[in-house]
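One structure is given here, and the rest of the page talks about it.
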Amino acid sequence: MAIQTPDWVKQAVFYQIFPDRFARSQTLRRDPAMAVPVEPWSAPPTPGGYKGGDLWGAIEKLNYLQELGINAIYLTPIFQSTCNHRYHTHDYYRVDPLLGGNEAFQAFLAAAHQRDIKVVLDGVFNHASRGFFFFNDILENGPNSPWLDWFRVEKWPLSAYDGSLPANYRSWVNNRALPQFNHDNPAVQEYIMQIGEHWLHQGIDGWRLDVPFEVKTEGFWQQFRDRVKAINPEAYIVGEVWVDAREFLGGDQFDAVMNYLYTGPAIAFAAGDRVVMEHVESPDYYPYPALDAQGYADKIQALLDLYDWQVQQVQLNLLSSHDIARVLTVVGEDVTSVILAVVLQMTFPGAPCIYYGDEVGVAGGLAPDNRRGFPPESQWNQDLFKVHRELIRLRHLHPALQTGKYQGLAASGQLLVFARILPEQTIVVAINTGDAPAQINVTWPLGLSSPPAKQLYGSGTASMEGDRLDL
């Protein structure tokens with residue numbers, strides 16, 4: 001089958017927002033019941049504490065995002081929950097009141113769309129929470145609950161809170177706070193499909209799917225795609241799959257995945273042995289061991305060979321997320337390494353995704369430390385901010401950086417040269433991740449008879465003589 005992916009994603013630069021930590025409203029339009037004590041914004045984040053970020057505050061930062069060049073937002077979960085990250089869903093139809101509720105979300109969606117910014121929501125459809133009404137009914141009524149078959153109860157009695165006793169129901173990674181749905185139940189399937197449809201009817205532009213590989217029911221994601229695309233053929237469906245995702249990317253399930261297979265090599269090449277191992281050993285994205293240019297080129301070519309070109313153009317390419325340590329901390333706070341990684345990210349096929357605050361130098365180790373409050377401008381790393389803004393601007397200006405074919409031209413030592421090629425435009429990217437100037441011989445792409453005449457970006461100068469490039 002011919003694979004089709006949303007055209008708008010090919011021109012998108014995403015910004016991932018963790019709503020509790022991005023912005024507190026300055027207008028204080030809150031339900032009185034939500035005027036509750038919260039942690040100090042600048043204090044280190046805790047696993048269970050709220051900092052009070054809300055969607056009204058996110059609206060107030062949309063002009064900032066627009067000026068940065070962002071034209072798509074991925075929101076981590078926003079539905080009612082009893083945790084700051086909101087992956088413990090209570091009600092899939094109610095935006096968390098602490099975020100401003102449904103009213104705030106509709107205002108956020110309208111304000112984003114007014115600025116031509118797309119909005120993608122996080123769909124947590126593998127598991128719910130102990131507070132989810134249907135599971136709570138099982139806790140209250142035991143075997144008499146009419147929703148018993150919505151989950152996978154194995155024995156009685158259930159122990160939802162006492163860790164000294166077996167939970168006796170299946171939960172995600174054995175976390176009894178996250179009971180797993182029984183996706184073989186047609187009623188569960190229909191319930192989730194209708195959630196997907198409902199928020200598309202409200203105007204969202206796509207879904208990011210949490211741990212979709214945990215759903216084993218045959219045909220489930222195919223049906224989800226059919227229902228979503230029937231409402232909006234250009235809706236974006238991106239799955240959280242950390243490994244080879246070919247089983248999901250054949251054109252009948254997801255458009256793309258979070259491209260952790262790109263994240264690891266990009267950081268391993270940009271930062272080399274500056275990667276701080278304590279921050280990267282537990283998540284499965286492997287920004288180690290250090291890669292030279294040829295090692296990076298080999299991994300990237302293998303990745304490009306993995307999926308159809310339509311898929312490659314809409315992959316979600318990230319350097320940080322709420323699930324991994326922030327890139328600045330991973331590279332030992334070496335700003336040059338971050339800049340090199342961002343250059344790679346912004347010139348690679350697929351949609352770059354910036355984790356909120358990375359662009360201004362927010363640091364943070366593994367969760368919850370990677371979920372710090374967005375800082376005031378007085379605390380920004382202005383050099384990083386300018387780099388992000390300029391590279392995003394170049395990506396928007398040059399179609400070859402959005403949809404041009406990727407062709408490696410040379411790789412030796414710490415020097416990498418590649419091109420993004422359209423019939424009407426070729427852009428050559430040359431990177432030196434080493435500590436000293438070096439030379440490399442380049443075979444220019446077909447149709448480019450001589451080295452490019454204009455340097456679009458770079459703090460240094462690249463001198464060219466014939467086929468030799470000095471960096």
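For the structure tokens, the naming scheme is as follows: chains receive sequential letters (A, B, ...) according to their order of presentation, residues are indexed from 1 within each chain, and ligands are indexed from 1 in presentation order.
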
Mind running segment 41-153 of chain A against segment 168-192 of chain A at 6 Å and telling me each contacting residue's nearest atom pair with the distance in Å (one decimal), counting only C-alpha atoms, chain and number ascending, as JSON lines?
```
{"residue": "A:Asn126", "atom": "CA", "partner": "A:Gln180", "partner_atom": "CA", "distance": 5.9}
{"residue": "A:His127", "atom": "CA", "partner": "A:Gln180", "partner_atom": "CA", "distance": 4.1}
{"residue": "A:Ala128", "atom": "CA", "partner": "A:Leu178", "partner_atom": "CA", "distance": 5.6}
{"residue": "A:Ser129", "atom": "CA", "partner": "A:Leu178", "partner_atom": "CA", "distance": 4.7}
{"residue": "A:Arg130", "atom": "CA", "partner": "A:Ala177", "partner_atom": "CA", "distance": 5.7}
{"residue": "A:Trp150", "atom": "CA", "partner": "A:Asn182", "partner_atom": "CA", "distance": 5.2}
{"residue": "A:Phe151", "atom": "CA", "partner": "A:Asn182", "partner_atom": "CA", "distance": 4.7}
{"residue": "A:Arg152", "atom": "CA", "partner": "A:Arg170", "partner_atom": "CA", "distance": 5.6}
{"residue": "A:Val153", "atom": "CA", "partner": "A:Tyr169", "partner_atom": "CA", "distance": 4.3}
```

Worksheet item: Do you know which residues are at most 6 Å from Ala411 of chain A counting only C-alpha atoms, after dropping those on the same chain fewer than 5 positions away, and could you put them as a list in words?
Response: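 What passes the distance filter is Ala293, Gln294 and Leu416 of chain A.
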
Generate the output file for the selected residues, N, CA, C and O atoms, as a compact mmCIF listing (two decimals), in the first residue's frame.
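Contents of the output file part.txt:
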```txt
# COMPACT_ATOMS: atom_id res chain seq x y z
N ALA A 293 32.44 10.57 13.08
CA ALA A 293 31.57 10.93 11.96
C ALA A 293 31.10 9.70 11.18
O ALA A 293 29.93 9.60 10.81
N GLN A 294 32.01 8.76 10.95
CA GLN A 294 31.62 7.58 10.18
C GLN A 294 30.65 6.71 10.97
O GLN A 294 29.69 6.16 10.42
N LEU A 416 31.82 15.67 9.44
CA LEU A 416 30.68 15.08 8.73
C LEU A 416 30.15 16.09 7.73
O LEU A 416 29.98 17.27 8.06
```

Fill in: Shortest interatomic distance to Tyr406 of chain A - which of A:Val95, A:Leu384, A:Leu303, A:Leu62, counting only C-alpha atoms
A:Leu303

Discussion item. Using Å and a single decimal, report how far atom CA of Pro349 of chain A sits from atom CA of Gln425 of chain A.
Written reply: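 Going from atom CA of Gln425 of chain A over to atom CA of Pro349 of chain A covers 15.1 Å.
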
Discussion item. I'd like to know which residues of segment 23-239 of chain A are helix (DSSP H, G or I) (by DSSP, run on the backbone); could you write them as an MDAnalysis selection string?
Written reply: chainID A and resid 32:34 55:60 62:68 97:99 101:114 133:144 148:150 172:174 186:201 212:214 220:231
